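This is structure.txt (compact mmCIF, C-alpha atoms).
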# COMPACT_ATOMS: atom_id res chain seq x y z
CA MET A 1 7.42 -27.32 17.27
CA ASN A 2 10.91 -28.77 17.36
CA ILE A 3 11.99 -26.29 14.72
CA ILE A 4 10.35 -23.32 16.43
CA ARG A 5 11.61 -24.14 19.93
CA ARG A 6 15.17 -24.69 18.71
CA ALA A 7 15.15 -21.36 16.89
CA ALA A 8 13.85 -19.60 19.98
CA LYS A 9 16.47 -21.22 22.19
CA ALA A 10 19.34 -20.57 19.79
CA GLU A 11 18.51 -17.17 18.28
CA ILE A 12 15.69 -15.35 20.12
CA MET A 13 16.00 -15.79 23.86
CA PRO A 14 19.81 -15.33 24.10
CA ARG A 15 19.40 -11.89 22.48
CA PHE A 16 16.38 -10.82 24.55
CA ARG A 17 17.36 -7.76 26.62
CA ALA A 18 20.89 -8.17 25.24
CA LEU A 19 20.60 -6.39 21.87
CA SER A 20 23.13 -3.74 20.94
CA ALA A 21 22.20 -0.63 18.96
CA GLY A 22 23.66 -2.29 15.88
CA ASP A 23 21.32 -5.24 16.27
CA ILE A 24 18.21 -3.11 15.69
CA ARG A 25 17.15 -1.19 12.58
CA ALA A 26 14.01 0.44 11.24
CA LYS A 27 12.22 -0.78 8.12
CA SER A 28 9.23 1.15 6.73
CA HIS A 29 9.19 3.70 9.57
CA ALA A 30 10.84 4.44 12.91
CA HIS A 31 8.57 2.10 14.87
CA ASP A 32 8.70 -0.78 12.37
CA LEU A 33 11.76 -2.57 13.70
CA VAL A 34 13.76 -5.63 12.78
CA THR A 35 16.47 -7.12 14.96
CA ALA A 36 19.33 -9.54 14.49
CA ALA A 37 17.15 -12.10 16.28
CA ASP A 38 14.33 -11.74 13.72
CA THR A 39 16.69 -12.35 10.83
CA ALA A 40 18.61 -15.24 12.40
CA ALA A 41 15.48 -17.03 13.66
CA GLU A 42 13.72 -16.70 10.30
CA GLN A 43 16.73 -18.05 8.46
CA MET A 44 17.00 -21.03 10.82
CA ILE A 45 13.27 -21.86 10.58
CA THR A 46 13.29 -21.40 6.80
CA ARG A 47 16.24 -23.75 6.30
CA ALA A 48 14.61 -26.47 8.40
CA LEU A 49 11.25 -26.15 6.60
CA GLN A 50 12.94 -26.23 3.19
CA ILE A 51 14.57 -29.55 4.13
CA ALA A 52 11.36 -31.03 5.54
CA PHE A 53 9.04 -29.66 2.82
CA PRO A 54 11.13 -29.04 -0.31
CA GLU A 55 8.04 -28.53 -2.46
CA ALA A 56 6.56 -25.79 -0.27
CA LEU A 57 6.59 -22.04 -0.71
CA ILE A 58 8.29 -20.43 2.31
CA VAL A 59 7.36 -16.80 3.02
CA GLY A 60 9.13 -15.16 5.94
CA GLU A 61 8.31 -11.62 7.02
CA GLU A 62 11.89 -10.45 6.57
CA ALA A 63 12.34 -12.30 3.27
CA ALA A 64 9.13 -10.68 1.99
CA ALA A 65 10.44 -7.25 3.00
CA ASP A 66 13.39 -7.85 0.67
CA THR A 67 11.40 -9.73 -2.00
CA PRO A 68 7.77 -8.45 -1.99
CA GLU A 69 6.89 -10.70 -4.97
CA LEU A 70 6.77 -13.63 -2.53
CA LEU A 71 3.41 -12.37 -1.27
CA GLY A 72 1.93 -12.71 -4.73
CA GLU A 73 2.80 -16.41 -4.81
CA ILE A 74 0.69 -17.37 -1.77
CA ALA A 75 -2.62 -17.50 -3.66
CA ASN A 76 -1.33 -20.13 -6.11
CA ALA A 77 0.75 -22.18 -3.69
CA GLN A 78 -0.62 -25.64 -2.92
CA LEU A 79 1.43 -25.58 0.28
CA ALA A 80 2.88 -22.42 1.82
CA PHE A 81 4.53 -21.75 5.16
CA ILE A 82 4.25 -18.17 6.40
CA ILE A 83 6.69 -17.20 9.14
CA ASP A 84 6.77 -14.32 11.60
CA PRO A 85 10.03 -15.05 13.45
CA ILE A 86 9.30 -12.48 16.15
CA ASP A 87 5.86 -10.93 16.23
CA GLY A 88 5.94 -7.89 18.51
CA THR A 89 9.47 -6.89 17.53
CA TRP A 90 9.05 -3.40 19.00
CA ASN A 91 8.23 -4.99 22.37
CA TYR A 92 11.12 -7.45 22.04
CA ALA A 93 13.59 -4.72 21.11
CA HIS A 94 12.54 -2.68 24.14
CA GLY A 95 12.80 -5.55 26.61
CA MET A 96 9.07 -6.26 26.97
CA ALA A 97 8.20 -9.94 27.26
CA VAL A 98 5.17 -9.67 24.94
CA PHE A 99 6.29 -11.28 21.70
CA GLY A 100 5.90 -14.59 19.94
CA VAL A 101 6.73 -16.75 16.96
CA ILE A 102 3.95 -17.37 14.43
CA ILE A 103 3.85 -19.98 11.69
CA ALA A 104 0.89 -20.54 9.40
CA VAL A 105 0.36 -23.09 6.67
CA THR A 106 -1.93 -22.16 3.80
CA ARG A 107 -3.39 -24.00 0.82
CA PHE A 108 -4.00 -21.63 -2.08
CA GLY A 109 -4.17 -18.79 0.46
CA ARG A 110 -6.62 -20.46 2.83
CA PRO A 111 -5.20 -21.06 6.34
CA ALA A 112 -4.94 -24.79 7.09
CA PHE A 113 -2.66 -24.85 10.14
CA GLY A 114 -1.39 -22.32 12.65
CA VAL A 115 0.80 -22.20 15.71
CA ILE A 116 1.65 -19.25 17.96
CA TYR A 117 4.57 -19.86 20.29
CA ASP A 118 5.54 -17.87 23.39
CA PRO A 119 9.33 -18.28 23.83
CA VAL A 120 9.27 -16.76 27.33
CA ASN A 121 6.85 -19.35 28.74
CA ASP A 122 7.70 -22.12 26.26
CA ASP A 123 4.06 -22.81 25.40
CA TRP A 124 1.93 -22.54 22.29
CA VAL A 125 -1.57 -22.44 20.87
CA ILE A 126 -2.14 -24.59 17.82
CA ALA A 127 -4.89 -25.65 15.42
CA ASP A 128 -5.56 -27.01 11.98
CA ASP A 129 -8.63 -26.65 9.80
CA GLU A 130 -10.15 -29.94 11.03
CA SER A 131 -9.23 -30.05 14.74
CA PRO A 132 -10.07 -27.97 17.82
CA ALA A 133 -7.65 -25.27 18.94
CA MET A 134 -5.38 -26.39 21.77
CA MET A 135 -2.98 -24.89 24.29
CA ASP A 136 0.13 -27.00 24.72
CA ALA A 137 3.55 -26.91 26.37
CA ALA A 138 6.51 -29.19 26.74
CA ALA A 139 5.80 -29.84 30.43
CA THR A 140 1.98 -30.10 30.39
CA SER A 141 -0.80 -31.94 28.58
CA PRO A 142 -2.72 -30.20 25.78
CA ARG A 143 -6.01 -28.56 26.71
CA PRO A 144 -8.76 -27.32 24.40
CA LEU A 145 -9.31 -23.60 23.92
CA LYS A 146 -12.68 -21.85 23.97
CA ALA A 147 -13.36 -18.30 22.84
CA SER A 148 -15.47 -16.08 25.09
CA MET A 149 -19.25 -15.95 25.08
CA GLY A 150 -21.11 -13.06 23.45
CA LYS A 151 -22.00 -10.20 25.76
CA PRO A 152 -23.19 -6.57 25.58
CA LEU A 153 -20.93 -4.27 23.60
CA ASN A 154 -20.08 -2.20 26.67
CA ALA A 155 -18.73 -5.34 28.35
CA LEU A 156 -16.43 -6.38 25.49
CA ILE A 157 -12.64 -6.31 25.70
CA GLY A 158 -10.98 -5.87 22.34
CA TYR A 159 -7.80 -5.08 20.44
CA VAL A 160 -8.01 -2.18 17.99
CA PRO A 161 -4.68 -0.59 16.99
CA LEU A 162 -5.93 2.92 16.28
CA HIS A 163 -2.66 4.15 14.78
CA ILE A 164 -2.75 1.77 11.80
CA PHE A 165 -6.13 3.00 10.54
CA PRO A 166 -6.32 5.80 7.95
CA LYS A 167 -6.04 9.27 9.51
CA GLU A 168 -9.46 10.25 8.17
CA HIS A 169 -11.07 7.49 10.26
CA GLN A 170 -9.08 7.76 13.46
CA ALA A 171 -11.13 10.44 15.24
CA LYS A 172 -14.45 8.66 14.63
CA LEU A 173 -12.89 5.32 15.52
CA ALA A 174 -11.50 6.73 18.78
CA VAL A 175 -15.00 7.85 19.78
CA ALA A 176 -16.43 4.43 18.89
CA LEU A 177 -13.90 2.70 21.15
CA THR A 178 -15.31 4.47 24.21
CA GLY A 179 -18.37 2.21 23.93
CA PHE A 180 -16.42 -0.88 24.99
CA ALA A 181 -15.09 -2.04 28.35
CA ARG A 182 -11.47 -1.93 27.18
CA THR A 183 -9.60 -1.66 23.89
CA HIS A 184 -5.88 -1.93 24.47
CA PRO A 185 -3.71 -3.33 21.67
CA LEU A 186 -0.67 -5.24 22.88
CA GLY A 187 1.57 -4.36 19.97
CA CYS A 188 1.74 -8.10 19.29
CA SER A 189 -0.76 -10.01 17.17
CA ALA A 190 0.59 -13.27 18.58
CA HIS A 191 -0.57 -12.53 22.10
CA GLU A 192 -3.77 -10.79 21.02
CA TYR A 193 -4.88 -13.92 19.16
CA ARG A 194 -3.77 -16.13 22.04
CA MET A 195 -5.85 -14.08 24.47
CA ILE A 196 -8.95 -14.26 22.25
CA ALA A 197 -8.56 -18.00 21.68
CA GLN A 198 -8.35 -18.52 25.46
CA GLY A 199 -11.46 -16.42 26.07
CA HIS A 200 -9.57 -13.72 27.99
CA ALA A 201 -10.44 -11.05 25.41
CA ASP A 202 -13.41 -10.82 23.06
CA PHE A 203 -12.66 -9.21 19.72
CA LEU A 204 -10.06 -7.88 17.33
CA LEU A 205 -10.26 -5.42 14.46
CA THR A 206 -7.34 -4.59 12.22
CA ALA A 207 -6.65 -2.58 9.08
CA SER A 208 -3.32 -4.30 8.39
CA LEU A 209 -3.45 -7.70 6.71
CA HIS A 210 0.15 -8.91 6.73
CA PRO A 211 -0.34 -12.68 6.46
CA TRP A 212 2.40 -13.47 8.98
CA ASP A 213 0.41 -11.52 11.59
CA HIS A 214 -3.05 -13.00 10.97
CA ALA A 215 -3.18 -16.30 9.05
CA ALA A 216 -2.40 -18.51 12.05
CA GLY A 217 -4.34 -16.50 14.61
CA ALA A 218 -7.49 -16.21 12.52
CA LEU A 219 -7.59 -19.99 12.10
CA ILE A 220 -6.81 -20.72 15.76
CA CYS A 221 -9.55 -18.38 16.98
CA GLU A 222 -12.03 -19.85 14.50
CA ARG A 223 -11.24 -23.36 15.72
CA ALA A 224 -11.68 -22.10 19.30
CA GLY A 225 -15.24 -21.12 18.42
CA ALA A 226 -14.84 -17.45 17.49
CA TYR A 227 -16.40 -15.93 14.38
CA VAL A 228 -13.88 -14.61 11.85
CA GLU A 229 -14.79 -12.60 8.75
CA MET A 230 -13.66 -9.62 6.72
CA LEU A 231 -15.60 -6.48 7.63
CA ASP A 232 -16.81 -6.16 4.03
CA GLY A 233 -17.89 -9.80 3.99
CA GLY A 234 -16.35 -13.13 3.17
CA PRO A 235 -13.69 -15.33 4.76
CA TYR A 236 -10.18 -14.23 5.54
CA ASN A 237 -7.50 -15.43 3.12
CA ALA A 238 -3.76 -14.95 3.47
CA ASP A 239 -3.51 -13.63 -0.08
CA ARG A 240 -5.71 -10.64 0.70
CA HIS A 241 -3.71 -7.46 1.29
CA SER A 242 -6.34 -4.78 2.00
CA GLY A 243 -9.48 -4.46 4.06
CA HIS A 244 -10.42 -4.99 7.70
CA LEU A 245 -10.32 -8.33 9.48
CA MET A 246 -12.59 -8.74 12.51
CA VAL A 247 -12.76 -11.55 15.06
CA ALA A 248 -15.64 -11.78 17.56
CA PRO A 249 -17.00 -14.38 20.02
CA ASP A 250 -19.90 -15.36 17.77
CA ARG A 251 -21.72 -14.24 14.63
CA THR A 252 -24.33 -12.24 16.55
CA THR A 253 -21.68 -10.19 18.34
CA TRP A 254 -19.73 -9.87 15.07
CA ASN A 255 -22.80 -8.37 13.37
CA ARG A 256 -23.33 -5.92 16.22
CA LEU A 257 -19.69 -4.88 16.02
CA LYS A 258 -20.01 -4.42 12.27
CA LYS A 259 -22.74 -1.83 12.83
CA VAL A 260 -20.35 0.10 15.10
CA PHE A 261 -17.48 -0.01 12.61
CA ALA A 262 -19.43 0.17 9.33
CA PHE A 263 -18.15 3.71 8.70
CA LEU A 264 -14.72 2.18 7.96
CA LEU A 265 -16.20 0.80 4.73
CA GLU A 266 -17.15 4.25 3.48
CA GLN A 267 -14.97 5.85 0.85
CA PRO A 268 -13.07 8.84 2.27
Please render this file's structure as structure tokens.
Amino acid sequence: MNIIRRAAKAEIMPRFRALSAGDIRAKSHAHDLVTAADTAAEQMITRALQIAFPEALIVGEEAAADTPELLGEIANAQLAFIIDPIDGTWNYAHGMAVFGVIIAVTRFGRPAFGVIYDPVNDDWVIADDESPAMMDAAATSPRPLKASMGKPLNALIGYVPLHIFPKEHQAKLAVALTGFARTHPLGCSAHEYRMIAQGHADFLLTASLHPWDHAAGALICERAGAYVEMLDGGPYNADRHSGHLMVAPDRTTWNRLKKVFAFLLEQP
């Protein structure tokens, strides 16, 4: 947390709402942004982790964009740190205070530790694979987190980013989403997972499996009592690059949600 908070104080918050046009560029498409803050924060966190854990594999989102082979090393790494220096970069670049820093630790691809930090409020959710998920902050005592209770589908609040699903599924998926109380993605996995772990939202479904987005949050929600599984079955692993990850309050609700979204498993 020392490393993360120092990076946020030095590189992220001073640039928030102070970026110039030259500080922002697009990566894979016009809405996939990277800023000077992303790059500087990742470099600072990476350097500190390399000193503290010289034997570990360090995979930053921006480093992986330049060296995609890094992703292939996660499955065989006894100890890997996966860094998202600013999750919700589009929000950050547009002055919206809905972004966070995510760090996950994996062992041979399996999440073993995760922390999601909110630089604006200087607080974080944190868990490992043996301990309960906790909310913590510099000025307060840690408190345990508890995912929501199962409830009827039409009462569920979820996060489903429609635009990242294949075009051939989007129309049917849009209709399916009308059966829930609310489905409003935040454009920030960090805060979506934080909301689910706190019990403020109920479920998440995604078709993008970037490990820096999901490895920490999946573990934190699981340790908060949520049920986490790939839509086609089996546990989530950070070395998996395709499929649909779904988080729900409990296994019963997860199974009911699977029936709603089973069409996503059909071949187009």
message: List as number ranges by chain the protein and nucleic acid residues near range 81-93 of chain A, meaning an atom at most 7 Å away when all atoms listed in the file are counted, but skip any in the same chain fewer than 6 places from it.
response: A: 16, 31, 33-34, 38, 41-42, 57-61, 99-106, 187-190, 212-213
Atoms to include: C-alpha atoms. Write the selected residues as a compact mmCIF listing (two decimals), in the frame of the given file.
# COMPACT_ATOMS: atom_id res chain seq x y z
CA PHE A 16 16.38 -10.82 24.55
CA HIS A 31 8.57 2.10 14.87
CA LEU A 33 11.76 -2.57 13.70
CA VAL A 34 13.76 -5.63 12.78
CA ASP A 38 14.33 -11.74 13.72
CA ALA A 41 15.48 -17.03 13.66
CA GLU A 42 13.72 -16.70 10.30
CA LEU A 57 6.59 -22.04 -0.71
CA ILE A 58 8.29 -20.43 2.31
CA VAL A 59 7.36 -16.80 3.02
CA GLY A 60 9.13 -15.16 5.94
CA GLU A 61 8.31 -11.62 7.02
CA PHE A 99 6.29 -11.28 21.70
CA GLY A 100 5.90 -14.59 19.94
CA VAL A 101 6.73 -16.75 16.96
CA ILE A 102 3.95 -17.37 14.43
CA ILE A 103 3.85 -19.98 11.69
CA ALA A 104 0.89 -20.54 9.40
CA VAL A 105 0.36 -23.09 6.67
CA THR A 106 -1.93 -22.16 3.80
CA GLY A 187 1.57 -4.36 19.97
CA CYS A 188 1.74 -8.10 19.29
CA SER A 189 -0.76 -10.01 17.17
CA ALA A 190 0.59 -13.27 18.58
CA TRP A 212 2.40 -13.47 8.98
CA ASP A 213 0.41 -11.52 11.59
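Coordinates place CA of Ile45 in chain A at a distance of 19.0 Å from CA of Pro111 in chain A.
Taking CA of Phe53 in chain A and CA of Arg110 in chain A as endpoints, the distance between them is 18.2 Å.
Among the candidate residues A:Ile24, A:Asn121, A:Pro144, A:Glu55, the one lying nearest to Lys9 in chain A is A:Asn121, with distances computed using only C-alpha atoms.
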message: For Leu145 in chain A, find every residue with an atom within 8 Å (counting only C-alpha atoms), except residues of its own chain fewer than 6 positions away, and show them as a PyMOL selection string.
response: chain A and resi 132-135+197-199+224
Prev. selection, C-alpha atoms, output as a short mmCIF file (atom, residue, chain, number, x, y, z; two decimals), keeping the file's coordinate frame:
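The resulting file, selection.cif, is shown below:
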data_model
loop_
_atom_site.label_atom_id
_atom_site.label_comp_id
_atom_site.auth_asym_id
_atom_site.auth_seq_id
_atom_site.Cartn_x
_atom_site.Cartn_y
_atom_site.Cartn_z
CA PRO A 132 -10.07 -27.97 17.82
CA ALA A 133 -7.65 -25.27 18.94
CA MET A 134 -5.38 -26.39 21.77
CA MET A 135 -2.98 -24.89 24.29
CA ALA A 197 -8.56 -18.00 21.68
CA GLN A 198 -8.35 -18.52 25.46
CA GLY A 199 -11.46 -16.42 26.07
CA ALA A 224 -11.68 -22.10 19.30
#
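Minimum atom-to-atom distances from A:Arg5, A:Lys146, A:Lys27, A:His214 to Asp123 in chain A were compared using all atoms listed in the file, and the lowest value belongs to A:Arg5.
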If I wrap all listed atoms of range 134-140 of chain A in a box with edges along x, y and z and add 6 Å on each side, what are its centre and edge lengths in Å to one decimal, as AutoDock Vina command-line options?
--center_x 0.6 --center_y -27.5 --center_z 26.1 --size_x 23.9 --size_y 17.2 --size_z 20.7
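Rounded to one decimal, CA of Asp239 in chain A and CA of Glu69 in chain A lie 11.9 Å from each other.
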field: 8 Å contact set for Gly150 in chain A, only C-alpha atoms, chain neighbours under 3 positions out, as a list in words
entry: Pro249, Asp250, Thr252 and Thr253 of chain A
Could you write out the selected residues, including C-alpha atoms, as a PDB file, keeping the file's coordinate frame?
ATOM      1  CA  PRO A 249     -17.000 -14.380  20.020  1.00  0.00           C
ATOM      2  CA  ASP A 250     -19.900 -15.360  17.770  1.00  0.00           C
ATOM      3  CA  THR A 252     -24.330 -12.240  16.550  1.00  0.00           C
ATOM      4  CA  THR A 253     -21.680 -10.190  18.340  1.00  0.00           C
TER       5      THR A 253
END
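Closest to His184 in chain A among A:Gly109, A:Tyr159, A:Val228, A:Met13 is A:Tyr159, based on all atoms listed in the file.
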10 Å contact set for Met44 in chain A, all atoms listed in the file, chain neighbours under 4 positions out, as a ChimeraX atom specification: /A:3-4,6-8,10-11,39-40,48-49,85
Residues just named, written with C-alpha atoms as a PDB file, in the frame of the given file:
ATOM      1  CA  ILE A   3      11.990 -26.290  14.720  1.00  0.00           C
ATOM      2  CA  ILE A   4      10.350 -23.320  16.430  1.00  0.00           C
ATOM      3  CA  ARG A   6      15.170 -24.690  18.710  1.00  0.00           C
ATOM      4  CA  ALA A   7      15.150 -21.360  16.890  1.00  0.00           C
ATOM      5  CA  ALA A   8      13.850 -19.600  19.980  1.00  0.00           C
ATOM      6  CA  ALA A  10      19.340 -20.570  19.790  1.00  0.00           C
ATOM      7  CA  GLU A  11      18.510 -17.170  18.280  1.00  0.00           C
ATOM      8  CA  THR A  39      16.690 -12.350  10.830  1.00  0.00           C
ATOM      9  CA  ALA A  40      18.610 -15.240  12.400  1.00  0.00           C
ATOM     10  CA  ALA A  48      14.610 -26.470   8.400  1.00  0.00           C
ATOM     11  CA  LEU A  49      11.250 -26.150   6.600  1.00  0.00           C
ATOM     12  CA  PRO A  85      10.030 -15.050  13.450  1.00  0.00           C
TER      13      PRO A  85
END
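Here the selection is built from only C-alpha atoms, and the residues within 10 Å of (-18.4, -13.5, 25.1) turn out to be A:Ala147, A:Ser148, A:Met149, A:Gly150, A:Lys151, A:Pro152, A:Leu153, A:Ala155, A:Leu156, A:Ile157, A:Ile196, A:Gly199, A:His200, A:Ala201, A:Asp202, A:Phe203, A:Ala226, A:Ala248, A:Pro249, A:Asp250, A:Thr253.
Minimum atom-to-atom distance to Ala37 in chain A, evaluated using all atoms listed in the file, belongs to A:Leu19 out of A:Met230, A:Leu19, A:Leu162, A:Ala139.
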message: Please list as a PyMOL selection string every residue within 7 Å of Leu205 in chain A, counting only C-alpha atoms and excluding residues in the same chain fewer than 2 positions away.
response: chain A and resi 159-160+203+244-247
Export of the given selection (C-alpha atoms) as a compact mmCIF listing (two decimals), in the coordinates of the input:
# COMPACT_ATOMS: atom_id res chain seq x y z
CA TYR A 159 -7.80 -5.08 20.44
CA VAL A 160 -8.01 -2.18 17.99
CA PHE A 203 -12.66 -9.21 19.72
CA HIS A 244 -10.42 -4.99 7.70
CA LEU A 245 -10.32 -8.33 9.48
CA MET A 246 -12.59 -8.74 12.51
CA VAL A 247 -12.76 -11.55 15.06
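Distance annotation: of A:Pro166, A:Gly243, A:Gly114, A:Pro235, the residue with the minimal separation from Ile220 in chain A is A:Gly114; atom set is all atoms listed in the file.
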task: Could you tell me which of A:Gly217, A:Met1, A:Thr67, A:Gly95 comes closest to Ala18 in chain A if we count only C-alpha atoms?
output: A:Gly95
